[in-house]
>>> print(open('model31.cif').read())   # mmCIF, C-alpha atoms
data_coords
#
loop_
_atom_site.group_PDB
_atom_site.id
_atom_site.type_symbol
_atom_site.label_atom_id
_atom_site.label_comp_id
_atom_site.auth_asym_id
_atom_site.auth_seq_id
_atom_site.Cartn_x
_atom_site.Cartn_y
_atom_site.Cartn_z
ATOM 1 C CA MET Y 1 -7.261 2.854 -3.220
ATOM 2 C CA LEU Y 2 -3.618 3.752 -3.066
ATOM 3 C CA PRO Y 3 -2.982 4.204 0.693
ATOM 4 C CA SER Y 4 -4.261 0.737 1.654
ATOM 5 C CA LEU Y 5 -0.750 -0.747 1.679
ATOM 6 C CA HIS Y 6 0.145 1.342 4.747
ATOM 7 C CA ARG Y 7 -1.048 0.364 8.205
ATOM 8 C CA ASP Y 8 -1.706 3.917 9.392
ATOM 9 C CA ALA Y 9 -3.303 5.207 6.189
ATOM 10 C CA PRO Y 10 -6.929 6.386 6.292
ATOM 11 C CA VAL Y 11 -9.495 4.267 4.491
ATOM 12 C CA GLN Y 12 -11.314 6.129 1.756
ATOM 13 C CA GLY Y 13 -14.933 6.626 2.687
ATOM 14 C CA GLY Y 14 -14.369 5.042 6.097
ATOM 15 C CA SER Y 15 -16.527 2.016 5.162
ATOM 16 C CA LEU Y 16 -16.191 -1.329 6.906
ATOM 17 C CA SER Y 17 -15.644 -3.155 3.616
ATOM 18 C CA GLY Y 18 -12.949 -0.639 2.663
ATOM 19 C CA PHE Y 19 -11.229 -1.152 6.005
ATOM 20 C CA GLN Y 20 -11.370 -4.936 5.665
ATOM 21 C CA ARG Y 21 -10.091 -4.802 2.098
ATOM 22 C CA SER Y 22 -7.154 -2.697 3.207
ATOM 23 C CA ARG Y 23 -6.327 -5.149 5.998
ATOM 24 C CA ILE Y 24 -6.469 -8.087 3.618
ATOM 25 C CA LEU Y 25 -4.275 -6.415 0.994
ATOM 26 C CA LEU Y 26 -1.690 -5.439 3.587
ATOM 27 C CA ALA Y 27 -1.764 -8.947 5.044
ATOM 28 C CA ALA Y 28 -1.283 -10.463 1.580
ATOM 29 C CA LEU Y 29 1.675 -8.154 0.956
ATOM 30 C CA GLU Y 30 3.283 -9.087 4.269
ATOM 31 C CA GLU Y 31 2.586 -12.797 3.840
ATOM 32 C CA ALA Y 32 4.061 -12.862 0.329
ATOM 33 C CA SER Y 33 7.110 -10.962 1.577
ATOM 34 C CA ALA Y 34 7.599 -13.336 4.493
ATOM 35 C CA SER Y 35 6.781 -16.659 2.853
ATOM 36 C CA GLY Y 36 6.938 -16.140 -0.910
ATOM 37 C CA PHE Y 37 4.213 -16.266 -3.533
ATOM 38 C CA GLU Y 38 3.842 -20.034 -3.685
ATOM 39 C CA GLN Y 39 3.383 -20.379 0.063
ATOM 40 C CA THR Y 40 0.913 -17.502 0.356
ATOM 41 C CA SER Y 41 -2.549 -19.008 0.737
ATOM 42 C CA VAL Y 42 -6.000 -17.686 1.530
ATOM 43 C CA SER Y 43 -5.692 -19.304 4.962
ATOM 44 C CA SER Y 44 -2.427 -17.522 5.731
ATOM 45 C CA ILE Y 45 -3.777 -14.199 4.455
ATOM 46 C CA VAL Y 46 -6.974 -14.264 6.534
ATOM 47 C CA ALA Y 47 -5.046 -15.409 9.595
ATOM 48 C CA ARG Y 48 -2.652 -12.477 9.309
ATOM 49 C CA ALA Y 49 -5.472 -10.028 8.496
ATOM 50 C CA ARG Y 50 -7.669 -11.434 11.296
ATOM 51 C CA VAL Y 51 -10.735 -11.657 9.113
ATOM 52 C CA SER Y 52 -12.918 -14.612 8.186
ATOM 53 C CA ARG Y 53 -12.689 -16.593 4.970
ATOM 54 C CA LYS Y 54 -16.259 -15.463 4.282
ATOM 55 C CA THR Y 55 -15.110 -11.825 4.395
ATOM 56 C CA PHE Y 56 -12.197 -12.610 2.093
ATOM 57 C CA TYR Y 57 -14.424 -14.218 -0.546
ATOM 58 C CA GLU Y 58 -16.908 -11.357 -0.346
ATOM 59 C CA LEU Y 59 -14.120 -9.066 -1.540
ATOM 60 C CA PHE Y 60 -11.947 -11.302 -3.770
ATOM 61 C CA ASP Y 61 -12.627 -14.213 -6.083
ATOM 62 C CA ASN Y 62 -9.581 -16.176 -4.983
ATOM 63 C CA ARG Y 63 -5.958 -15.894 -3.879
ATOM 64 C CA GLU Y 64 -4.782 -14.783 -7.323
ATOM 65 C CA ASP Y 65 -7.395 -12.028 -7.466
ATOM 66 C CA CYS Y 66 -6.160 -10.716 -4.120
ATOM 67 C CA LEU Y 67 -2.477 -10.803 -5.114
ATOM 68 C CA CYS Y 68 -3.312 -9.074 -8.382
ATOM 69 C CA ALA Y 69 -5.055 -6.297 -6.431
ATOM 70 C CA VAL Y 70 -1.961 -5.902 -4.250
ATOM 71 C CA PHE Y 71 0.185 -5.659 -7.369
ATOM 72 C CA GLU Y 72 -2.020 -3.018 -8.977
ATOM 73 C CA GLU Y 73 -2.051 -0.842 -5.869
ATOM 74 C CA ALA Y 74 1.674 -1.290 -5.303
ATOM 75 C CA VAL Y 75 2.394 -0.230 -8.887
ATOM 76 C CA ALA Y 76 0.084 2.779 -8.471
ATOM 77 C CA GLN Y 77 1.938 3.782 -5.326
ATOM 78 C CA MET Y 78 5.314 3.425 -7.026
ATOM 79 C CA ALA Y 79 4.097 5.398 -10.042
ATOM 80 C CA GLN Y 80 2.916 8.200 -7.781
ATOM 81 C CA ALA Y 81 6.410 8.466 -6.315
ATOM 82 C CA VAL Y 82 8.426 7.988 -9.521
ATOM 83 C CA ALA Y 83 6.409 9.384 -12.440
ATOM 84 C CA PRO Y 84 6.716 13.080 -11.464
ATOM 85 C CA SER Y 85 10.500 12.739 -11.549
ATOM 86 C CA TYR Y 86 10.257 11.685 -15.196
ATOM 87 C CA THR Y 87 7.430 13.896 -16.462
ATOM 88 C CA GLN Y 88 8.702 16.996 -14.656
ATOM 89 C CA GLY Y 89 12.362 16.274 -15.289
ATOM 90 C CA GLN Y 90 14.459 18.987 -16.849
ATOM 91 C CA GLY Y 91 16.526 18.543 -19.974
ATOM 92 C CA ARG Y 92 17.031 15.535 -22.174
ATOM 93 C CA TRP Y 93 15.428 12.104 -22.110
ATOM 94 C CA SER Y 94 18.463 10.552 -20.443
ATOM 95 C CA GLU Y 95 18.239 13.067 -17.575
ATOM 96 C CA GLN Y 96 14.543 12.396 -17.149
ATOM 97 C CA VAL Y 97 15.198 8.668 -16.986
ATOM 98 C CA ARG Y 98 18.010 9.216 -14.513
ATOM 99 C CA ALA Y 99 15.753 11.287 -12.248
ATOM 100 C CA ALA Y 100 13.021 8.642 -12.385
ATOM 101 C CA LEU Y 101 15.478 5.804 -11.783
ATOM 102 C CA GLY Y 102 16.899 7.621 -8.766
ATOM 103 C CA ALA Y 103 13.395 8.039 -7.332
ATOM 104 C CA LEU Y 104 12.686 4.355 -7.970
ATOM 105 C CA LEU Y 105 15.874 3.147 -6.269
ATOM 106 C CA ALA Y 106 15.143 5.355 -3.265
ATOM 107 C CA LEU Y 107 11.601 3.982 -3.089
ATOM 108 C CA LEU Y 108 12.821 0.383 -3.297
ATOM 109 C CA GLU Y 109 15.214 1.008 -0.406
ATOM 110 C CA ARG Y 110 12.519 2.757 1.619
ATOM 111 C CA GLU Y 111 9.548 0.467 0.818
ATOM 112 C CA LEU Y 112 11.297 -2.854 0.444
ATOM 113 C CA ASP Y 113 8.199 -5.061 0.827
ATOM 114 C CA ILE Y 114 6.260 -3.193 -1.857
ATOM 115 C CA GLY Y 115 9.161 -3.126 -4.302
ATOM 116 C CA ALA Y 116 10.025 -6.776 -3.751
ATOM 117 C CA PHE Y 117 6.379 -7.757 -4.269
ATOM 118 C CA VAL Y 118 6.118 -5.916 -7.591
ATOM 119 C CA LEU Y 119 9.398 -7.346 -8.882
ATOM 120 C CA GLU Y 120 8.429 -10.868 -7.816
ATOM 121 C CA TYR Y 121 5.014 -10.537 -9.445
ATOM 122 C CA VAL Y 122 6.531 -9.291 -12.697
ATOM 123 C CA THR Y 123 9.021 -12.149 -12.852
ATOM 124 C CA HIS Y 124 7.121 -15.090 -11.338
ATOM 125 C CA GLY Y 125 3.726 -14.234 -9.955
ATOM 126 C CA ALA Y 126 1.523 -13.411 -12.957
ATOM 127 C CA ARG Y 127 0.648 -16.924 -14.124
ATOM 128 C CA VAL Y 128 -3.110 -16.619 -13.592
ATOM 129 C CA ASN Y 129 -3.690 -12.980 -14.511
ATOM 130 C CA PRO Y 130 -0.855 -11.654 -16.682
ATOM 131 C CA GLU Y 131 -2.670 -8.498 -17.834
ATOM 132 C CA PRO Y 132 -1.416 -6.092 -15.086
ATOM 133 C CA ARG Y 133 2.137 -7.309 -15.663
ATOM 134 C CA LEU Y 134 1.836 -6.794 -19.412
ATOM 135 C CA LEU Y 135 0.472 -3.267 -18.936
ATOM 136 C CA LEU Y 136 3.424 -2.355 -16.711
ATOM 137 C CA LEU Y 137 5.955 -3.786 -19.149
ATOM 138 C CA GLU Y 138 4.326 -1.949 -22.057
ATOM 139 C CA HIS Y 139 4.542 1.327 -20.166
ATOM 140 C CA LEU Y 140 8.223 0.759 -19.363
ATOM 141 C CA ARG Y 141 8.937 -0.046 -23.007
ATOM 142 C CA SER Y 142 7.284 3.211 -24.059
ATOM 143 C CA VAL Y 143 9.558 5.127 -21.666
ATOM 144 C CA PHE Y 144 12.573 3.469 -23.275
ATOM 145 C CA ASP Y 145 11.258 4.223 -26.755
ATOM 146 C CA ASP Y 146 11.014 7.915 -25.837
ATOM 147 C CA GLY Y 147 14.797 7.890 -26.178
ATOM 148 C CA ARG Y 148 14.508 7.707 -29.971
ATOM 149 C CA SER Y 149 14.004 11.465 -29.991
ATOM 150 C CA GLN Y 150 17.489 11.915 -28.500
ATOM 151 C CA ALA Y 151 19.197 9.212 -30.552
ATOM 152 C CA LYS Y 152 21.737 10.050 -33.208
ATOM 153 C CA SER Y 153 20.875 9.118 -36.750
ATOM 154 C CA SER Y 154 23.754 6.649 -36.790
ATOM 155 C CA TYR Y 155 22.184 4.596 -33.982
ATOM 156 C CA GLU Y 156 19.092 2.542 -34.718
ATOM 157 C CA PRO Y 157 18.248 0.203 -31.838
ATOM 158 C CA SER Y 158 17.191 -3.353 -32.501
ATOM 159 C CA PRO Y 159 13.418 -3.943 -32.502
ATOM 160 C CA LEU Y 160 14.021 -6.040 -29.369
ATOM 161 C CA ALA Y 161 16.070 -3.391 -27.583
ATOM 162 C CA ALA Y 162 13.181 -2.241 -25.402
ATOM 163 C CA ASP Y 163 12.431 -5.802 -24.294
ATOM 164 C CA VAL Y 164 16.087 -6.514 -23.571
ATOM 165 C CA VAL Y 165 16.684 -3.309 -21.613
ATOM 166 C CA VAL Y 166 13.443 -3.383 -19.617
ATOM 167 C CA GLY Y 167 13.789 -7.079 -18.877
ATOM 168 C CA GLY Y 168 17.442 -6.672 -17.935
ATOM 169 C CA VAL Y 169 16.805 -3.748 -15.568
ATOM 170 C CA LEU Y 170 13.950 -5.584 -13.851
ATOM 171 C CA ALA Y 171 16.013 -8.754 -13.532
ATOM 172 C CA VAL Y 172 18.935 -6.866 -11.964
ATOM 173 C CA LEU Y 173 16.630 -5.079 -9.520
ATOM 174 C CA HIS Y 174 14.850 -8.309 -8.608
ATOM 175 C CA ALA Y 175 18.117 -10.098 -7.904
ATOM 176 C CA ARG Y 176 19.631 -7.213 -5.963
ATOM 177 C CA VAL Y 177 16.533 -6.688 -3.805
ATOM 178 C CA GLN Y 178 16.960 -10.290 -2.676
ATOM 179 C CA THR Y 179 20.643 -9.917 -1.800
ATOM 180 C CA SER Y 180 21.598 -6.272 -1.102
ATOM 181 C CA PRO Y 181 18.377 -4.278 -0.644
ATOM 182 C CA ARG Y 182 20.033 -1.443 1.279
ATOM 183 C CA HIS Y 183 22.639 -0.704 -1.381
ATOM 184 C CA LEU Y 184 20.476 -0.246 -4.462
ATOM 185 C CA ALA Y 185 21.749 3.285 -5.079
ATOM 186 C CA SER Y 186 25.018 1.788 -6.334
ATOM 187 C CA LEU Y 187 23.081 0.457 -9.344
ATOM 188 C CA MET Y 188 22.292 3.921 -10.709
ATOM 189 C CA ASN Y 189 25.252 4.415 -13.038
ATOM 190 C CA PRO Y 190 25.487 0.808 -14.334
ATOM 191 C CA LEU Y 191 21.752 0.697 -15.060
ATOM 192 C CA MET Y 192 21.804 4.093 -16.768
ATOM 193 C CA SER Y 193 24.710 2.941 -18.910
ATOM 194 C CA MET Y 194 22.651 -0.084 -19.956
ATOM 195 C CA ILE Y 195 19.577 2.040 -20.688
ATOM 196 C CA VAL Y 196 21.201 4.723 -22.847
ATOM 197 C CA LEU Y 197 23.529 2.420 -24.822
ATOM 198 C CA PRO Y 198 21.064 1.334 -27.544
ATOM 199 C CA HIS Y 199 19.939 4.905 -28.294
ATOM 200 C CA LEU Y 200 22.995 7.021 -27.577
ATOM 201 C CA GLY Y 201 25.902 4.685 -28.181
ATOM 202 C CA PRO Y 202 28.970 3.526 -26.219
ATOM 203 C CA ALA Y 203 30.382 6.995 -25.523
ATOM 204 C CA ALA Y 204 27.209 8.093 -23.722
ATOM 205 C CA ALA Y 205 27.073 4.768 -21.879
ATOM 206 C CA ALA Y 206 30.652 5.270 -20.690
ATOM 207 C CA ARG Y 207 29.820 8.782 -19.477
ATOM 208 C CA GLU Y 208 27.011 7.410 -17.334
ATOM 209 C CA LEU Y 209 29.467 5.058 -15.642
ATOM 210 C CA ARG Y 210 31.758 7.973 -14.795
ATOM 211 C CA ARG Y 211 29.083 10.150 -13.188
ATOM 212 C CA PRO Y 212 29.194 10.753 -9.414
ATOM 213 C CA PRO Y 213 27.585 7.859 -7.541
ATOM 214 C CA LEU Y 214 24.139 8.219 -6.021
ATOM 215 C CA ALA Y 215 24.088 8.174 -2.225
ATOM 216 C CA SER Y 216 21.914 5.532 -0.592
ATOM 217 C CA ALA Y 217 18.506 6.490 0.766
ATOM 218 C CA ALA Y 218 19.799 6.076 4.305
ATOM 219 C CA LYS Y 219 22.727 8.442 3.688
ATOM 220 C CA ARG Y 220 20.485 10.984 1.969
ATOM 221 C CA ALA Y 221 18.029 10.862 4.861
ATOM 222 C CA LYS Y 222 20.835 11.313 7.377
ATOM 223 C CA ALA Y 223 22.207 14.286 5.450
ATOM 224 C CA ALA Y 224 18.743 15.800 5.182
ATOM 225 C CA ARG Y 225 18.236 15.573 8.941
ATOM 226 C CA GLY Y 226 21.305 17.765 9.487
ATOM 227 C CA PRO Y 227 20.961 19.504 12.841
ATOM 228 C CA LEU Y 228 18.151 17.128 13.883
ATOM 229 C CA GLU Y 229 20.607 14.210 13.913
ATOM 230 C CA GLY Y 230 21.564 13.394 17.479
ATOM 231 C CA LEU Y 231 19.304 16.078 18.935
ATOM 232 C CA GLY Y 232 18.433 13.852 21.876
ATOM 233 C CA MET Y 233 14.692 14.447 21.826
ATOM 234 C CA ARG Y 234 11.689 13.676 19.682
ATOM 235 C CA VAL Y 235 10.591 16.689 17.663
ATOM 236 C CA THR Y 236 6.855 16.973 18.322
ATOM 237 C CA TYR Y 237 4.308 19.377 16.889
ATOM 238 C CA ARG Y 238 4.508 21.539 20.029
ATOM 239 C CA THR Y 239 8.313 21.528 19.962
ATOM 240 C CA ALA Y 240 8.306 22.728 16.361
ATOM 241 C CA ARG Y 241 5.623 25.340 17.079
ATOM 242 C CA ALA Y 242 7.487 26.674 20.116
ATOM 243 C CA LEU Y 243 10.688 27.123 18.117
ATOM 244 C CA SER Y 244 8.765 28.728 15.265
ATOM 245 C CA VAL Y 245 6.959 31.150 17.600
ATOM 246 C CA ILE Y 246 10.245 32.234 19.182
ATOM 247 C CA ALA Y 247 11.918 32.505 15.764
ATOM 248 C CA HIS Y 248 9.213 34.803 14.393
ATOM 249 C CA ALA Y 249 8.935 36.975 17.517
ATOM 250 C CA PRO Y 250 12.004 36.802 19.768
ATOM 251 C CA GLY Y 251 11.538 37.905 23.360
ATOM 252 C CA ARG Y 252 8.173 36.253 24.008
ATOM 253 C CA SER Y 253 7.364 35.181 27.560
ATOM 254 C CA ASN Y 254 6.263 31.784 28.840
ATOM 255 C CA VAL Y 255 2.613 32.851 28.818
ATOM 256 C CA GLU Y 256 2.774 34.203 25.274
ATOM 257 C CA ILE Y 257 4.500 31.078 23.946
ATOM 258 C CA GLY Y 258 2.113 28.752 25.777
ATOM 259 C CA SER Y 259 -0.944 30.456 24.325
ATOM 260 C CA ARG Y 260 0.423 30.235 20.794
ATOM 261 C CA VAL Y 261 1.479 26.610 21.160
ATOM 262 C CA ASP Y 262 -1.930 25.717 22.623
ATOM 263 C CA ILE Y 263 -0.648 24.655 26.050
ATOM 264 C CA ALA Y 264 -3.124 25.734 28.710
ATOM 265 C CA ASP Y 265 -1.076 24.564 31.686
ATOM 266 C CA ALA Y 266 1.703 26.967 32.697
ATOM 267 C CA GLY Y 267 3.710 24.155 34.246
ATOM 268 C CA GLN Y 268 3.763 22.208 30.966
ATOM 269 C CA THR Y 269 4.928 25.309 29.125
ATOM 270 C CA SER Y 270 7.747 25.796 31.624
ATOM 271 C CA LYS Y 271 8.823 22.156 31.248
ATOM 272 C CA LEU Y 272 8.885 22.423 27.453
ATOM 273 C CA LEU Y 273 10.920 25.630 27.492
ATOM 274 C CA ALA Y 274 13.299 24.261 30.132
ATOM 275 C CA ARG Y 275 13.893 21.189 27.958
ATOM 276 C CA LEU Y 276 14.611 23.329 24.917
ATOM 277 C CA GLU Y 277 16.934 25.495 26.959
ATOM 278 C CA GLY Y 278 18.734 22.415 28.270
ATOM 279 C CA LEU Y 279 19.307 21.279 24.692
ATOM 280 C CA GLY Y 280 20.876 24.631 23.863
ATOM 281 C CA LEU Y 281 18.112 25.610 21.440
ATOM 282 C CA ILE Y 282 16.795 28.680 23.281
ATOM 283 C CA GLU Y 283 18.093 31.161 25.832
ATOM 284 C CA ASN Y 284 16.372 33.502 28.252
ATOM 285 C CA ARG Y 285 17.475 37.114 27.892
ATOM 286 C CA GLY Y 286 14.871 38.544 30.255
ATOM 287 C CA ALA Y 287 15.311 39.518 33.894
ATOM 288 C CA GLY Y 288 13.234 36.514 34.936
ATOM 289 C CA HIS Y 289 11.170 35.855 38.041
ATOM 290 C CA ALA Y 290 14.027 36.762 40.365
ATOM 291 C CA TYR Y 291 13.376 40.393 39.487
ATOM 292 C CA GLY Y 292 9.630 40.095 38.981
ATOM 293 C CA ALA Y 293 9.878 40.303 35.185
ATOM 294 C CA PRO Y 294 8.744 37.761 32.579
ATOM 295 C CA ASN Y 295 11.159 35.580 30.679
ATOM 296 C CA ALA Y 296 12.218 36.682 27.190
ATOM 297 C CA TRP Y 297 13.105 33.698 25.014
ATOM 298 C CA HIS Y 298 15.389 33.807 21.965
ATOM 299 C CA LEU Y 299 16.701 31.073 19.680
ATOM 300 C CA THR Y 300 20.365 30.217 19.913
ATOM 301 C CA ARG Y 301 22.372 29.578 16.762
ATOM 302 C CA LYS Y 302 21.709 25.855 17.181
ATOM 303 C CA GLY Y 303 18.030 26.612 17.695
ATOM 304 C CA ARG Y 304 17.877 28.578 14.442
ATOM 305 C CA GLU Y 305 19.494 25.670 12.599
ATOM 306 C CA VAL Y 306 17.018 23.185 14.071
ATOM 307 C CA ASP Y 307 14.052 25.460 13.319
ATOM 308 C CA ALA Y 308 15.217 25.798 9.706
ATOM 309 C CA ALA Y 309 15.678 22.028 9.399
ATOM 310 C CA ILE Y 310 12.177 21.375 10.732
ATOM 311 C CA GLY Y 311 10.736 23.880 8.283
ATOM 312 C CA ALA Y 312 12.561 22.272 5.367
ATOM 313 C CA GLN Y 313 11.156 18.839 6.263
ATOM 314 C CA ALA Y 314 7.587 19.966 7.007
ATOM 315 C CA PRO Y 315 5.178 17.983 4.772
ATOM 316 C CA ALA Y 316 2.989 19.753 2.260
ATOM 317 C CA GLY Y 317 -0.315 20.586 3.864
ATOM 318 C CA GLY Y 318 1.129 20.362 7.372
ATOM 319 C CA PRO Y 319 0.809 22.965 10.108
ATOM 320 C CA SER Y 320 1.716 26.425 8.918
ATOM 321 C CA ARG Y 321 4.883 27.818 10.362
ATOM 322 C CA SER Y 322 3.387 31.285 10.369
ATOM 323 C CA ALA Y 323 0.147 30.323 12.120
ATOM 324 C CA ARG Y 324 0.138 31.720 15.626
#
>>> encode(input="model31.cif", output="structure tokens")
Amino acid sequence: MLPSLHRDAPVQGGSLSGFQRSRILLAALEEASASGFEQTSVSSIVARARVSRKTFYELFDNREDCLCAVFEEAVAQMAQAVAPSYTQGQGRWSEQVRAALGALLALLERELDIGAFVLEYVTHGARVNPEPRLLLLEHLRSVFDDGRSQAKSSYEPSPLAADVVVGGVLAVLHARVQTSPRHLASLMNPLMSMIVLPHLGPAAAARELRRPPLASAAKRAKAARGPLEGLGMRVTYRTARALSVIAHAPGRSNVEIGSRVDIADAGQTSKLLARLEGLGLIENRGAGHAYGAPNAWHLTRKGREVDAAIGAQAPAGGPSRSAR
């Protein structure tokens, strides 16, 4: 059940046991992140989850069973975010690995608790049930071995190359997450150099070091926000809909916009439009009430930029921009 590591995620099936399991897994993740694996006990987990010990043991055999479940779901969540970058990557193996590594570094910066948990489990936390750890390591080795198809005939990696590279990358990530978790993007080129060296040789490794650096997740997010940065208001569903309605049909009146944004109260519509006008996003080109005519709203240049930025960031499956 992949979404259970997020507080606001829906519980599949909506069952009470599913809800309680999600709470326990999230509590175990938070407790391990706050106190470490060794100090994470059943007592601390149930206290944080606010469930009884009886409920815990109805769902898990013991502490290790619970932590293993957290690990499996965390890995599944990471795979969902990273795997498409590798499998759908364009070009050569090294470019696919680079795309996947970039997605992984961004995820580790964005979901620090989940990434730190997985790295800690791989390095120290799999004493009781090593099987999930071994499955993950085997998968990572197979990704490295895919590079044989790109290797030159003059380069034949050592039989231990996959173990050395995978272990080295995980060790570097584990150490850096503990010390500089917000600057993981700087690891992209050094790690890629390490990864390609056994298959492609020192020249390819040197080229990876010279490639443009990857911006941090925070910088990429700030750049992606563009015109939304410093807007001075929270962009709500109704704000986005109002801008979209005006963008698709300039000159609409208050009443027309209100009906399409699902605001029944005329006063609320006026307040929303006045706020957007005050922010310089829309302008009234109609004669207005002073002459007995309705308002006629148009987007300003800034408004068009904000509307475009909202559209670019709209999640898949979200409200349609064309729905009116």
>>> resolve_selection(input="model31.cif", expression="the PyMOL selection byres ((chain Y and resi 91-106) around 8)", output="PDB file with C-alpha atoms, keeping the file's coordinate frame")
ATOM      1  CA  MET Y  78       5.314   3.425  -7.026  1.00  0.00           C
ATOM      2  CA  ALA Y  81       6.410   8.466  -6.315  1.00  0.00           C
ATOM      3  CA  VAL Y  82       8.426   7.988  -9.521  1.00  0.00           C
ATOM      4  CA  ALA Y  83       6.409   9.384 -12.440  1.00  0.00           C
ATOM      5  CA  PRO Y  84       6.716  13.080 -11.464  1.00  0.00           C
ATOM      6  CA  SER Y  85      10.500  12.739 -11.549  1.00  0.00           C
ATOM      7  CA  TYR Y  86      10.257  11.685 -15.196  1.00  0.00           C
ATOM      8  CA  THR Y  87       7.430  13.896 -16.462  1.00  0.00           C
ATOM      9  CA  GLN Y  88       8.702  16.996 -14.656  1.00  0.00           C
ATOM     10  CA  GLY Y  89      12.362  16.274 -15.289  1.00  0.00           C
ATOM     11  CA  GLN Y  90      14.459  18.987 -16.849  1.00  0.00           C
ATOM     12  CA  LEU Y 107      11.601   3.982  -3.089  1.00  0.00           C
ATOM     13  CA  LEU Y 108      12.821   0.383  -3.297  1.00  0.00           C
ATOM     14  CA  GLU Y 109      15.214   1.008  -0.406  1.00  0.00           C
ATOM     15  CA  ARG Y 110      12.519   2.757   1.619  1.00  0.00           C
ATOM     16  CA  ASP Y 146      11.014   7.915 -25.837  1.00  0.00           C
ATOM     17  CA  GLY Y 147      14.797   7.890 -26.178  1.00  0.00           C
ATOM     18  CA  GLN Y 150      17.489  11.915 -28.500  1.00  0.00           C
ATOM     19  CA  LEU Y 184      20.476  -0.246  -4.462  1.00  0.00           C
ATOM     20  CA  ALA Y 185      21.749   3.285  -5.079  1.00  0.00           C
ATOM     21  CA  MET Y 188      22.292   3.921 -10.709  1.00  0.00           C
ATOM     22  CA  MET Y 192      21.804   4.093 -16.768  1.00  0.00           C
ATOM     23  CA  VAL Y 196      21.201   4.723 -22.847  1.00  0.00           C
ATOM     24  CA  LEU Y 214      24.139   8.219  -6.021  1.00  0.00           C
ATOM     25  CA  SER Y 216      21.914   5.532  -0.592  1.00  0.00           C
ATOM     26  CA  ALA Y 217      18.506   6.490   0.766  1.00  0.00           C
TER      27      ALA Y 217
END
>>> resolve_selection(input="model31.cif", expression="the PyMOL selection byres ((chain Y and resi 114) around 12)", output="VMD selection string")
chain Y and resid 4 to 6 25 to 26 28 to 33 70 to 78 104 107 to 113 115 to 121 177
>>> axis_aligned_box(input="model31.cif", around="stretch 156-164 of chain Y", padding_each_side="6 Å", output="JSON")
{"center_x": 15.8, "center_y": -2.0, "center_z": -29.1, "size_x": 18.7, "size_y": 21.1, "size_z": 23.1}
>>> resolve_selection(input="model31.cif", expression="the PyMOL selection byres ((chain Y and resi 283) around 6)", output="VMD selection string")
chain Y and resid 277 282 284 297 to 298
>>> closest_residue(input="model31.cif", among="Y:Thr55, Y:Ile24, Y:Gly168, Y:Lys152", to="Y:Pro202", atoms="all atoms listed in the file")
Y:Lys152
>>> residues_around(input="model31.cif", residues="Y:Val164", least_positions_apart="4", cutoff="12 Å", atoms="only C-alpha atoms", output="MDAnalysis selection string")
chainID Y and resid 137 140:141 144 157:160 168:172 194:195 197:198
>>> atom_distance(input="model31.cif", atom1="atom CA of Y:Ala34", atom2="atom CA of Y:Asp65")
19.2 Å
>>> atom_distance(input="model31.cif", atom1="atom CA of Y:Leu299", atom2="atom CA of Y:Leu273")
11.1 Å
>>> closest_residue(input="model31.cif", among="Y:Gln178, Y:Ser52, Y:Asn254, Y:Thr123", to="Y:Arg23", atoms="all atoms listed in the file")
Y:Ser52
>>> residues_around(input="model31.cif", residues="Y:Ser17", least_positions_apart="4", cutoff="9 Å", atoms="only C-alpha atoms", output="number ranges by chain")
Y: 21-22, 55, 59
>>> atom_distance(input="model31.cif", atom1="atom CA of Y:Val306", atom2="atom CA of Y:Leu281")
7.8 Å
>>> closest_residue(input="model31.cif", among="Y:Ser142, Y:Gln20, Y:Thr236, Y:Ser35", to="Y:Arg53", atoms="all atoms listed in the file")
Y:Gln20
